[in-house]
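Q: Pasting a structure below so you can have a look.
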There are 4 protein chains.
Amino acid sequence: MSNSTTQVGESSERKPYRSHRERQRRRILDAAGRLFEEHGIEGVTAAEIVNAAGIRASTFYEYFSNKDDVVWAIVADVFEEGAERGKRAMDAAGTALAKISALLEFMADDLTHRPAKVRFMAEFDAMYARQWSPERLLSLEAQVSPGGFGYFSSLIREGIEDGSLRPELDPDLTMHAVINAVIGAQRRLASLGSRVELEYGHRIDRLFRETIRVILFGLRAT
Amino acid sequence: MSNSTTQVGESSERKPYRSHRERQRRRILDAAGRLFEEHGIEGVTAAEIVNAAGIRASTFYEYFSNKDDVVWAIVADVFEEGAERGKRAMDAAGTALAKISALLEFMADDLTHRPAKVRFMAEFDAMYARQWSPERLLSLEAQVSPGGFGYFSSLIREGIEDGSLRPELDPDLTMHAVINAVIGAQRRLASLGSRVELEYGHRIDRLFRETIRVILFGLRAT
Amino acid sequence: MSNSTTQVGESSERKPYRSHRERQRRRILDAAGRLFEEHGIEGVTAAEIVNAAGIRASTFYEYFSNKDDVVWAIVADVFEEGAERGKRAMDAAGTALAKISALLEFMADDLTHRPAKVRFMAEFDAMYARQWSPERLLSLEAQVSPGGFGYFSSLIREGIEDGSLRPELDPDLTMHAVINAVIGAQRRLASLGSRVELEYGHRIDRLFRETIRVILFGLRAT
Amino acid sequence: MSNSTTQVGESSERKPYRSHRERQRRRILDAAGRLFEEHGIEGVTAAEIVNAAGIRASTFYEYFSNKDDVVWAIVADVFEEGAERGKRAMDAAGTALAKISALLEFMADDLTHRPAKVRFMAEFDAMYARQWSPERLLSLEAQVSPGGFGYFSSLIREGIEDGSLRPELDPDLTMHAVINAVIGAQRRLASLGSRVELEYGHRIDRLFRETIRVILFGLRAT
DNA sequence: AATGAATGAGACTTCATTCAT
DNA sequence: GATGAATGAAGTCTCATTCAT
């Protein structure tokens, strides 16, 4: 898996490509990413990726052993980048509530600005649920919650202490529950939203922000 | 086509299978349902459904025109049944908050007792998001929210009036947001949960109930 | 085969249907005829005929043993009717040349007024060429040339004698050659014509009439 | 797609097969051609072509996307070759009448020496009449009439001027009408002829030559 | 490092037809 | 005389993947 993560630095100018190999790899990933967002993961064949990348099928297999492999590599990128940005958003905030709020806000931004990516993640979630080795999943999930699960527990504790969070919350449970719900809501909207947004206008963003509002109400100390 | 529409009578109690045709249809649906739950929708081929149903491939196509057709028929069943039970749960409750609480509780029950069905719905959601005609989706979704979307708006209004819900809530938005989030959370847990529940024990239920608790905190008037 | 020919009288009012059986038979033939003209013979399945006729597949097989059977029955009708009208056209004419001219004119009329039928015959011709028993074909062809092939020979002889036809013609060959060419030309135009007539306007009729003109020039004594 | 376009070089002499790919392609085409001539186009399945070519089904689809694709490729070959030989035959002749005569003679030769090919074209004509895009047909037809349709018009004009053709002819119509009739006659004989030639001996050729004779009588100035 | 070529393994459907009631 | 139901038998096509060069 570590081989699937290629550097996606903060500067748009990535370090000069280390090797031809790496450049080719990125080419394939980019082509695949675009196709996945447009046609869905299941809607894209290896042959199409190969075409879009401008290489030959046999060459593809020099870089990846699977379409799945490609999917995982892209997911890893998304996680990595998300973790980084999420962490930064939280670090800037003061109270625990503010941190949580910042995290959720960040997810709303993602839904607004990169819905295709979120949709991709939604498909990944459901589709791969059966094929994943839990380890592979967990190790990736761990990246999005900096400091691991423990961090979330202490965040709630911190919030209860600093008076920003409701004392009834369960430090070991709440944050996981919230994260799961928010991701679930976000991805569901991304998946289905594009289908109904014509009829509901800009509702998708608004629905998600309303979701956040309710949850923050639920967390905030009275 | 007419194949794909399941009997949705006005009385919830279907008369015992009227005809041979109906019985066969149910046989296929049951076989397919079992397979979908076990191997995932994508993991099942038409040929496997055919085998499991103990018929010949050509017979299958006398009843359904597609694997998709079968999937939709099952989804319709799930929706129908869910709508019915959800409605009954809500009717028994008093205040708007109690109604909402009953609805969410009902979803928790579903997750607990029929996780495979929920997982199925999760896969359906994400996988079919791109292939659906929004109409087909909407017409089904409409069944789950008795009285249509309007009901949700008035539910919030009712709750604000009877003092059980927070006055800051937005009648036109909140309930949709909550439903979406809860469904998203539920299905996400069902999808991923089966993979990690060995490691976390009974957590899935607990996580979901914690989600509900937070959301109800967020809705309840202080 | 004689069972395939149902009466198509000159009066639109056919004798009162002799039996239910005959009425059903005609229903199937009519439905099939319409479909063949619209979609081509190969483009129509037995199931479609069955639907269009408003009966059940199994009923169909009570009347015909085949789609082919239906095709032959329709062809027989077309032949019969064509023979009758052709004969009448020729009888009205005086010289042998006038008779031939009348026959060709009659074919031009057919192309103009019933192109779909001609197209049908064209498809039949080519498609069935390999499956026919020559006998079946010959016995049908015999109907269109009243008096059989011998009639054509004597027609040419008659024309040479009455001075209306070129003396160089070969009585045993010419008329068959002409008939074949004219039918070939007519059916080819009917088949391909609909495809190009948008670009060439009303050319199909004109092309066919020009064909006739040249052939009559070729037959007429100088 | 690019598969379906046969090499149509400017030189009639194709260089010996350049690549393996080209050789394989030709192998499939040859196998298919043989089968089509023997069993008719409709009577041959893709699987049979595959077998006859000694390859695997999946390999077949690397070269052609369809059975239809194969048919078109063969038709293109036939057209190409026919156009070439027809042109050469006409070039050798002097007067316009001689040119036309040479062209028709060439078609008689084709019927005599390659009846199976003509039969194939007959089936193609009728069978595909409904499925063709007119463009595809026209672009092929254009090849057989060197210089395009315009050439035919000027041929008639030339003949009227050089005194070899009847002045009553219509330059814009006659030649098209004649070509259509002759092709129609030729293909009809090829289709039906094989069925009756046992009974009529060498009649097919003779019938066709008689057709030509009559038509040339009709064109020739008196 | 790249690729041309081949292919195994299936999946999905269609359709004509039979037969018991 | 009508038909509901079932099905045998093909046929078409896709796709991921391998392997020799």
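In the structure tokens, chains take letters A, B, ... by order of appearance, with residues numbered from 1 within each chain and ligands from 1 in the order shown.
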With a distance cut-off of 10 Å and only C-alpha atoms (C1' of nucleotides), select the neighbouring residues of DT3 of chain E, excluding the residue or stretch itself and same-chain residues fewer than 5 positions from it, and output the selection as a CSV table (one decimal) with C-alpha atoms (C1' of nucleotides), in the first residue's frame.

A:
```csv
chain,number,residue,atom,x,y,z
A,55,ILE,CA,-0.7,3.4,-22.9
A,56,ARG,CA,-1.1,-0.2,-23.8
A,57,ALA,CA,-2.9,-2.7,-21.6
A,58,SER,CA,0.2,-4.7,-21.1
A,59,THR,CA,2.0,-1.6,-19.9
F,21,DT,C1',9.5,-10.2,-28.0
```

Q: Among segment 35-200 of chain B, which residues carry a DSSP assignment of alpha helix (DSSP H), reported as a tab-separated table (two decimals) with N, CA and C atoms, in the first residue's frame?

A:
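Saved to out05.tsv:
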```tsv
chain	number	residue	atom	x	y	z
B	35	LEU	N	-29.08	-14.32	-2.01
B	35	LEU	CA	-27.76	-14.22	-2.64
B	35	LEU	C	-27.18	-12.81	-2.52
B	36	PHE	N	-28.02	-11.82	-2.73
B	36	PHE	CA	-27.55	-10.44	-2.64
B	36	PHE	C	-27.00	-10.16	-1.25
B	37	GLU	N	-27.71	-10.65	-0.26
B	37	GLU	CA	-27.26	-10.38	1.11
B	37	GLU	C	-25.93	-11.07	1.39
B	38	GLU	N	-25.78	-12.22	0.79
B	38	GLU	CA	-24.57	-12.97	1.08
B	38	GLU	C	-23.36	-12.48	0.28
B	39	HIS	N	-23.59	-12.23	-1.01
B	39	HIS	CA	-22.44	-11.91	-1.86
B	39	HIS	C	-22.43	-10.48	-2.37
B	46	ALA	N	-26.87	-13.26	-12.90
B	46	ALA	CA	-28.20	-13.73	-13.22
B	46	ALA	C	-28.24	-15.25	-13.18
B	47	ALA	N	-27.18	-15.85	-13.66
B	47	ALA	CA	-27.13	-17.32	-13.70
B	47	ALA	C	-27.24	-17.89	-12.30
B	48	GLU	N	-26.63	-17.24	-11.34
B	48	GLU	CA	-26.67	-17.75	-9.97
B	48	GLU	C	-28.07	-17.63	-9.38
B	49	ILE	N	-28.73	-16.55	-9.69
B	49	ILE	CA	-30.11	-16.40	-9.22
B	49	ILE	C	-30.95	-17.52	-9.80
B	50	VAL	N	-30.76	-17.74	-11.07
B	50	VAL	CA	-31.49	-18.78	-11.77
B	50	VAL	C	-31.30	-20.13	-11.09
B	51	ASN	N	-30.07	-20.45	-10.80
B	51	ASN	CA	-29.79	-21.72	-10.14
B	51	ASN	C	-30.45	-21.79	-8.78
B	52	ALA	N	-30.25	-20.73	-8.01
B	52	ALA	CA	-30.79	-20.73	-6.66
B	52	ALA	C	-32.31	-20.85	-6.66
B	53	ALA	N	-32.92	-20.32	-7.70
B	53	ALA	CA	-34.38	-20.38	-7.75
B	53	ALA	C	-34.87	-21.71	-8.31
B	57	ALA	N	-32.72	-20.59	-17.08
B	57	ALA	CA	-32.45	-19.19	-17.40
B	57	ALA	C	-33.60	-18.57	-18.19
B	58	SER	N	-34.06	-19.29	-19.18
B	58	SER	CA	-35.10	-18.71	-20.04
B	58	SER	C	-36.38	-18.44	-19.24
B	59	THR	N	-36.61	-19.27	-18.25
B	59	THR	CA	-37.77	-19.05	-17.41
B	59	THR	C	-37.62	-17.74	-16.62
B	60	PHE	N	-36.41	-17.55	-16.15
B	60	PHE	CA	-36.14	-16.32	-15.41
B	60	PHE	C	-36.59	-15.11	-16.21
B	61	TYR	N	-36.25	-15.11	-17.49
B	61	TYR	CA	-36.55	-13.94	-18.31
B	61	TYR	C	-38.03	-13.81	-18.65
B	62	GLU	N	-38.80	-14.80	-18.28
B	62	GLU	CA	-40.25	-14.66	-18.40
B	62	GLU	C	-40.80	-13.81	-17.25
B	63	TYR	N	-40.02	-13.74	-16.19
B	63	TYR	CA	-40.51	-13.03	-15.01
B	63	TYR	C	-39.85	-11.67	-14.82
B	67	LYS	N	-31.30	-8.54	-14.19
B	67	LYS	CA	-30.94	-8.64	-12.81
B	67	LYS	C	-31.38	-7.35	-12.12
B	68	ASP	N	-31.18	-6.26	-12.80
B	68	ASP	CA	-31.58	-4.97	-12.26
B	68	ASP	C	-33.05	-4.96	-11.86
B	69	ASP	N	-33.82	-5.52	-12.73
B	69	ASP	CA	-35.25	-5.60	-12.48
B	69	ASP	C	-35.53	-6.27	-11.15
B	70	VAL	N	-34.81	-7.33	-10.90
B	70	VAL	CA	-34.96	-8.06	-9.65
B	70	VAL	C	-34.56	-7.17	-8.48
B	71	VAL	N	-33.43	-6.51	-8.65
B	71	VAL	CA	-32.96	-5.64	-7.58
B	71	VAL	C	-34.03	-4.60	-7.24
B	72	TRP	N	-34.56	-3.97	-8.25
B	72	TRP	CA	-35.58	-2.95	-8.01
B	72	TRP	C	-36.81	-3.53	-7.31
B	73	ALA	N	-37.18	-4.71	-7.72
B	73	ALA	CA	-38.35	-5.32	-7.09
B	73	ALA	C	-38.10	-5.54	-5.61
B	74	ILE	N	-36.89	-5.99	-5.30
B	74	ILE	CA	-36.58	-6.22	-3.89
B	74	ILE	C	-36.55	-4.90	-3.14
B	75	VAL	N	-35.93	-3.92	-3.73
B	75	VAL	CA	-35.88	-2.61	-3.10
B	75	VAL	C	-37.30	-2.11	-2.84
B	76	ALA	N	-38.14	-2.28	-3.82
B	76	ALA	CA	-39.52	-1.82	-3.64
B	76	ALA	C	-40.15	-2.50	-2.43
B	77	ASP	N	-39.91	-3.79	-2.32
B	77	ASP	CA	-40.43	-4.52	-1.16
B	77	ASP	C	-39.90	-3.93	0.14
B	78	VAL	N	-38.60	-3.72	0.16
B	78	VAL	CA	-37.98	-3.19	1.38
B	78	VAL	C	-38.59	-1.83	1.73
B	79	PHE	N	-38.70	-1.01	0.73
B	79	PHE	CA	-39.29	0.31	0.97
B	79	PHE	C	-40.70	0.20	1.53
B	80	GLU	N	-41.45	-0.60	0.85
B	80	GLU	CA	-42.84	-0.74	1.22
B	80	GLU	C	-42.98	-1.16	2.67
B	81	GLU	N	-42.26	-2.19	2.97
B	81	GLU	CA	-42.36	-2.72	4.32
B	81	GLU	C	-41.84	-1.71	5.33
B	82	GLY	N	-40.71	-1.07	4.98
B	82	GLY	CA	-40.14	-0.07	5.88
B	82	GLY	C	-41.12	1.06	6.13
B	83	ALA	N	-41.74	1.53	5.04
B	83	ALA	CA	-42.66	2.64	5.18
B	83	ALA	C	-43.78	2.29	6.15
B	84	GLU	N	-44.29	1.10	5.96
B	84	GLU	CA	-45.39	0.64	6.77
B	84	GLU	C	-45.03	0.60	8.26
B	85	ARG	N	-43.93	-0.05	8.52
B	85	ARG	CA	-43.53	-0.19	9.92
B	85	ARG	C	-43.15	1.16	10.50
B	86	GLY	N	-42.47	1.96	9.69
B	86	GLY	CA	-42.10	3.29	10.18
B	86	GLY	C	-43.34	4.10	10.55
B	87	LYS	N	-44.30	4.06	9.67
B	87	LYS	CA	-45.52	4.81	9.92
B	87	LYS	C	-46.18	4.36	11.22
B	88	ARG	N	-46.27	3.04	11.37
B	88	ARG	CA	-46.93	2.52	12.55
B	88	ARG	C	-46.20	2.98	13.83
B	89	ALA	N	-44.87	2.92	13.77
B	89	ALA	CA	-44.07	3.32	14.93
B	89	ALA	C	-44.37	4.78	15.29
B	90	MET	N	-44.43	5.63	14.27
B	90	MET	CA	-44.64	7.04	14.53
B	90	MET	C	-46.05	7.31	15.05
B	91	ASP	N	-47.00	6.60	14.50
B	91	ASP	CA	-48.38	6.85	14.88
B	91	ASP	C	-48.61	6.62	16.38
B	96	ALA	N	-44.15	15.53	18.71
B	96	ALA	CA	-43.36	15.43	17.48
B	96	ALA	C	-42.02	14.80	17.79
B	97	LEU	N	-41.42	15.21	18.87
B	97	LEU	CA	-40.13	14.64	19.24
B	97	LEU	C	-40.24	13.14	19.43
B	98	ALA	N	-41.31	12.73	20.09
B	98	ALA	CA	-41.50	11.30	20.32
B	98	ALA	C	-41.66	10.56	18.99
B	99	LYS	N	-42.34	11.20	18.07
B	99	LYS	CA	-42.52	10.58	16.74
B	99	LYS	C	-41.16	10.39	16.07
B	100	ILE	N	-40.39	11.46	16.08
B	100	ILE	CA	-39.09	11.39	15.44
B	100	ILE	C	-38.24	10.34	16.13
B	101	SER	N	-38.30	10.37	17.40
B	101	SER	CA	-37.52	9.41	18.18
B	101	SER	C	-37.92	7.99	17.83
B	102	ALA	N	-39.22	7.79	17.69
B	102	ALA	CA	-39.70	6.45	17.34
B	102	ALA	C	-39.19	6.03	15.96
B	103	LEU	N	-39.17	6.98	15.05
B	103	LEU	CA	-38.70	6.67	13.71
B	103	LEU	C	-37.23	6.26	13.72
B	104	LEU	N	-36.45	7.03	14.46
B	104	LEU	CA	-35.02	6.72	14.50
B	104	LEU	C	-34.80	5.40	15.23
B	105	GLU	N	-35.59	5.19	16.25
B	105	GLU	CA	-35.48	3.94	17.01
B	105	GLU	C	-35.77	2.76	16.08
B	106	PHE	N	-36.77	2.96	15.29
B	106	PHE	CA	-37.14	1.92	14.33
B	106	PHE	C	-35.98	1.61	13.39
B	107	MET	N	-35.25	2.63	13.02
B	107	MET	CA	-34.10	2.40	12.14
B	107	MET	C	-32.98	1.68	12.87
B	108	ALA	N	-32.86	1.98	14.12
B	108	ALA	CA	-31.86	1.28	14.91
B	108	ALA	C	-32.21	-0.20	15.01
B	109	ASP	N	-33.47	-0.46	15.19
B	109	ASP	CA	-33.94	-1.85	15.24
B	109	ASP	C	-33.59	-2.59	13.95
B	110	ASP	N	-33.84	-1.91	12.85
B	110	ASP	CA	-33.55	-2.50	11.56
B	110	ASP	C	-32.07	-2.86	11.46
B	111	LEU	N	-31.26	-1.93	11.87
B	111	LEU	CA	-29.82	-2.18	11.80
B	111	LEU	C	-29.45	-3.38	12.66
B	112	THR	N	-30.11	-3.47	13.82
B	112	THR	CA	-29.79	-4.56	14.73
B	112	THR	C	-30.27	-5.90	14.20
B	113	HIS	N	-31.49	-5.91	13.72
B	113	HIS	CA	-32.10	-7.20	13.40
B	113	HIS	C	-31.99	-7.62	11.96
B	115	PRO	N	-29.36	-6.52	9.59
B	115	PRO	CA	-28.20	-5.78	9.05
B	115	PRO	C	-27.94	-6.11	7.57
B	116	ALA	N	-28.21	-7.34	7.19
B	116	ALA	CA	-27.94	-7.72	5.80
B	116	ALA	C	-28.82	-6.92	4.84
B	117	LYS	N	-30.06	-6.71	5.26
B	117	LYS	CA	-30.97	-5.94	4.42
B	117	LYS	C	-30.47	-4.50	4.30
B	118	VAL	N	-30.03	-3.97	5.43
B	118	VAL	CA	-29.53	-2.60	5.39
B	118	VAL	C	-28.29	-2.50	4.51
B	119	ARG	N	-27.44	-3.51	4.63
B	119	ARG	CA	-26.23	-3.54	3.80
B	119	ARG	C	-26.63	-3.58	2.32
B	120	PHE	N	-27.60	-4.38	2.06
B	120	PHE	CA	-28.11	-4.44	0.68
B	120	PHE	C	-28.54	-3.06	0.20
B	121	MET	N	-29.28	-2.37	1.03
B	121	MET	CA	-29.74	-1.04	0.64
B	121	MET	C	-28.57	-0.08	0.44
B	122	ALA	N	-27.55	-0.25	1.26
B	122	ALA	CA	-26.37	0.62	1.13
B	122	ALA	C	-25.73	0.41	-0.23
B	123	GLU	N	-25.60	-0.85	-0.60
B	123	GLU	CA	-24.97	-1.12	-1.89
B	123	GLU	C	-25.83	-0.57	-3.03
B	124	PHE	N	-27.09	-0.80	-2.87
B	124	PHE	CA	-28.03	-0.29	-3.87
B	124	PHE	C	-27.87	1.22	-4.04
B	125	ASP	N	-27.91	1.90	-2.92
B	125	ASP	CA	-27.79	3.35	-2.91
B	125	ASP	C	-26.61	3.83	-3.74
B	126	ALA	N	-25.45	3.34	-3.39
B	126	ALA	CA	-24.24	3.86	-4.00
B	126	ALA	C	-24.08	3.36	-5.42
B	127	MET	N	-24.36	2.10	-5.59
B	127	MET	CA	-24.09	1.46	-6.87
B	127	MET	C	-25.01	1.96	-7.96
B	128	TYR	N	-26.24	2.14	-7.59
B	128	TYR	CA	-27.23	2.48	-8.59
B	128	TYR	C	-27.40	3.98	-8.76
B	134	PRO	N	-34.06	9.45	-11.81
B	134	PRO	CA	-34.48	10.08	-10.55
B	134	PRO	C	-35.95	9.79	-10.26
B	135	GLU	N	-36.73	9.70	-11.32
B	135	GLU	CA	-38.16	9.45	-11.12
B	135	GLU	C	-38.38	8.14	-10.36
B	136	ARG	N	-37.69	7.14	-10.83
B	136	ARG	CA	-37.87	5.84	-10.21
B	136	ARG	C	-37.51	5.91	-8.73
B	137	LEU	N	-36.41	6.57	-8.46
B	137	LEU	CA	-35.99	6.71	-7.08
B	137	LEU	C	-37.02	7.48	-6.27
B	138	LEU	N	-37.40	8.61	-6.80
B	138	LEU	CA	-38.30	9.48	-6.05
B	138	LEU	C	-39.61	8.79	-5.74
B	139	SER	N	-40.10	8.07	-6.72
B	139	SER	CA	-41.40	7.43	-6.51
B	139	SER	C	-41.29	6.39	-5.40
B	140	LEU	N	-40.14	5.78	-5.28
B	140	LEU	CA	-39.96	4.83	-4.19
B	140	LEU	C	-39.75	5.55	-2.86
B	141	GLU	N	-38.89	6.56	-2.89
B	141	GLU	CA	-38.61	7.31	-1.66
B	141	GLU	C	-39.90	7.87	-1.07
B	142	ALA	N	-40.76	8.25	-1.97
B	142	ALA	CA	-42.02	8.86	-1.52
B	142	ALA	C	-42.78	7.93	-0.59
B	143	GLN	N	-42.62	6.63	-0.85
B	143	GLN	CA	-43.36	5.68	-0.04
B	143	GLN	C	-42.88	5.63	1.41
B	144	VAL	N	-41.58	5.88	1.58
B	144	VAL	CA	-41.03	5.76	2.93
B	144	VAL	C	-41.44	6.93	3.81
B	149	PHE	N	-43.04	14.56	1.39
B	149	PHE	CA	-42.09	15.43	2.08
B	149	PHE	C	-42.80	16.44	2.96
B	150	GLY	N	-43.96	16.81	2.54
B	150	GLY	CA	-44.71	17.81	3.29
B	150	GLY	C	-44.90	17.39	4.75
B	151	TYR	N	-45.07	16.11	4.94
B	151	TYR	CA	-45.30	15.61	6.30
B	151	TYR	C	-44.16	15.98	7.23
B	152	PHE	N	-42.95	15.88	6.70
B	152	PHE	CA	-41.78	16.18	7.54
B	152	PHE	C	-41.77	17.63	7.96
B	153	SER	N	-42.10	18.50	7.01
B	153	SER	CA	-42.12	19.92	7.36
B	153	SER	C	-43.12	20.19	8.47
B	154	SER	N	-44.29	19.61	8.33
B	154	SER	CA	-45.31	19.90	9.33
B	154	SER	C	-44.96	19.24	10.67
B	155	LEU	N	-44.21	18.17	10.60
B	155	LEU	CA	-43.79	17.51	11.83
B	155	LEU	C	-42.92	18.44	12.67
B	156	ILE	N	-41.97	19.08	11.99
B	156	ILE	CA	-41.10	20.02	12.69
B	156	ILE	C	-41.94	21.18	13.25
B	157	ARG	N	-42.81	21.71	12.41
B	157	ARG	CA	-43.65	22.83	12.86
B	157	ARG	C	-44.47	22.41	14.09
B	158	GLU	N	-45.04	21.25	13.98
B	158	GLU	CA	-45.82	20.72	15.10
B	158	GLU	C	-44.97	20.66	16.37
B	159	GLY	N	-43.76	20.18	16.22
B	159	GLY	CA	-42.88	20.03	17.38
B	159	GLY	C	-42.48	21.37	17.98
B	160	ILE	N	-42.29	22.35	17.12
B	160	ILE	CA	-41.94	23.67	17.64
B	160	ILE	C	-43.13	24.21	18.43
B	161	GLU	N	-44.31	23.97	17.90
B	161	GLU	CA	-45.50	24.46	18.58
B	161	GLU	C	-45.76	23.73	19.89
B	174	THR	N	-34.81	20.75	8.11
B	174	THR	CA	-34.26	19.93	9.18
B	174	THR	C	-34.56	18.44	9.05
B	175	MET	N	-35.81	18.15	8.83
B	175	MET	CA	-36.18	16.75	8.86
B	175	MET	C	-35.54	15.98	7.71
B	176	HIS	N	-35.48	16.62	6.56
B	176	HIS	CA	-34.82	15.96	5.45
B	176	HIS	C	-33.36	15.71	5.77
B	177	ALA	N	-32.75	16.71	6.37
B	177	ALA	CA	-31.34	16.59	6.71
B	177	ALA	C	-31.13	15.46	7.70
B	178	VAL	N	-32.01	15.38	8.67
B	178	VAL	CA	-31.87	14.35	9.70
B	178	VAL	C	-32.07	12.96	9.10
B	179	ILE	N	-33.11	12.83	8.32
B	179	ILE	CA	-33.38	11.53	7.70
B	179	ILE	C	-32.20	11.08	6.86
B	180	ASN	N	-31.72	12.00	6.07
B	180	ASN	CA	-30.58	11.64	5.21
B	180	ASN	C	-29.39	11.22	6.05
B	181	ALA	N	-29.12	11.96	7.06
B	181	ALA	CA	-27.96	11.65	7.89
B	181	ALA	C	-28.13	10.30	8.57
B	182	VAL	N	-29.31	10.05	9.07
B	182	VAL	CA	-29.53	8.82	9.80
B	182	VAL	C	-29.47	7.61	8.86
B	183	ILE	N	-30.06	7.77	7.70
B	183	ILE	CA	-29.96	6.68	6.73
B	183	ILE	C	-28.51	6.48	6.32
B	184	GLY	N	-27.84	7.59	6.07
B	184	GLY	CA	-26.42	7.49	5.68
B	184	GLY	C	-25.61	6.79	6.75
B	185	ALA	N	-25.85	7.17	7.99
B	185	ALA	CA	-25.10	6.57	9.10
B	185	ALA	C	-25.42	5.09	9.23
B	186	GLN	N	-26.68	4.82	9.16
B	186	GLN	CA	-27.13	3.43	9.31
B	186	GLN	C	-26.53	2.53	8.23
B	187	ARG	N	-26.64	2.97	7.03
B	187	ARG	CA	-26.16	2.13	5.93
B	187	ARG	C	-24.64	2.02	5.93
B	188	ARG	N	-24.02	3.10	6.31
B	188	ARG	CA	-22.56	3.05	6.35
B	188	ARG	C	-22.11	2.04	7.40
B	189	LEU	N	-22.76	2.07	8.54
B	189	LEU	CA	-22.39	1.11	9.58
B	189	LEU	C	-22.66	-0.31	9.13
B	190	ALA	N	-23.76	-0.48	8.48
B	190	ALA	CA	-24.10	-1.83	8.01
B	190	ALA	C	-23.05	-2.32	7.02
B	191	SER	N	-22.63	-1.43	6.14
B	191	SER	CA	-21.64	-1.82	5.14
B	191	SER	C	-20.30	-2.16	5.78
B	192	LEU	N	-19.83	-1.22	6.56
B	192	LEU	CA	-18.48	-1.37	7.07
B	192	LEU	C	-18.47	-2.19	8.34
B	193	GLY	N	-19.57	-2.13	9.03
B	193	GLY	CA	-19.64	-2.75	10.35
B	193	GLY	C	-19.33	-4.22	10.33
B	194	SER	N	-19.90	-4.92	9.38
B	194	SER	CA	-19.71	-6.37	9.39
B	194	SER	C	-18.22	-6.72	9.34
B	195	ARG	N	-17.45	-5.81	8.82
B	195	ARG	CA	-16.02	-6.06	8.69
B	195	ARG	C	-15.27	-5.87	10.00
B	196	VAL	N	-15.80	-4.97	10.79
B	196	VAL	CA	-15.04	-4.63	11.99
B	196	VAL	C	-15.74	-5.05	13.26
B	197	GLU	N	-16.89	-5.60	13.15
B	197	GLU	CA	-17.63	-5.87	14.38
B	197	GLU	C	-16.95	-6.92	15.24
B	198	LEU	N	-16.18	-7.79	14.61
B	198	LEU	CA	-15.44	-8.77	15.39
B	198	LEU	C	-14.48	-8.06	16.33
B	199	GLU	N	-13.95	-6.97	15.86
B	199	GLU	CA	-12.97	-6.25	16.66
B	199	GLU	C	-13.62	-5.31	17.68
B	200	TYR	N	-14.81	-4.83	17.35
B	200	TYR	CA	-15.44	-3.86	18.23
B	200	TYR	C	-16.65	-4.41	18.97
```

Q: May I ask you to extract the residues of chain F within 9 Å of chain A, using only C-alpha atoms (C1' of nucleotides), and to give them as a ChimeraX atom specification?

A: /F:15-18

Q: Can you spit out the residues from that selection as an mmCIF file, in the first residue's frame, using C-alpha atoms (C1' of nucleotides)?

A:
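So the final result, stored in out.cif, reads:
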```cif
data_model
loop_
_atom_site.group_PDB
_atom_site.id
_atom_site.type_symbol
_atom_site.label_atom_id
_atom_site.label_comp_id
_atom_site.auth_asym_id
_atom_site.auth_seq_id
_atom_site.Cartn_x
_atom_site.Cartn_y
_atom_site.Cartn_z
ATOM 1 C "C1'" DC F 15 -12.903 -8.154 -20.062
ATOM 2 C "C1'" DA F 16 -9.077 -8.945 -17.329
ATOM 3 C "C1'" DT F 17 -4.880 -10.864 -17.950
ATOM 4 C "C1'" DT F 18 -0.641 -13.277 -19.806
#
```

Q: Could the residues of chain E within 10 Å of chain D, counting only C-alpha atoms (C1' of nucleotides), be given as a PyMOL selection string, please?

A: chain E and resi 4-8

Q: Would you mind reading off the distance between atom CA of Arg25 of chain D and atom C1' of DC19 of chain F, one decimal, in Å?

A: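 Interatomic distance here is 21.7 Å.
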
Q: I'd like the interatomic distance between atom CA of Arg166 of chain C and atom CA of Gly94 of chain D, to a tenth of an Å.

A: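 Atom CA of Arg166 of chain C sits 26.5 Å away from atom CA of Gly94 of chain D.
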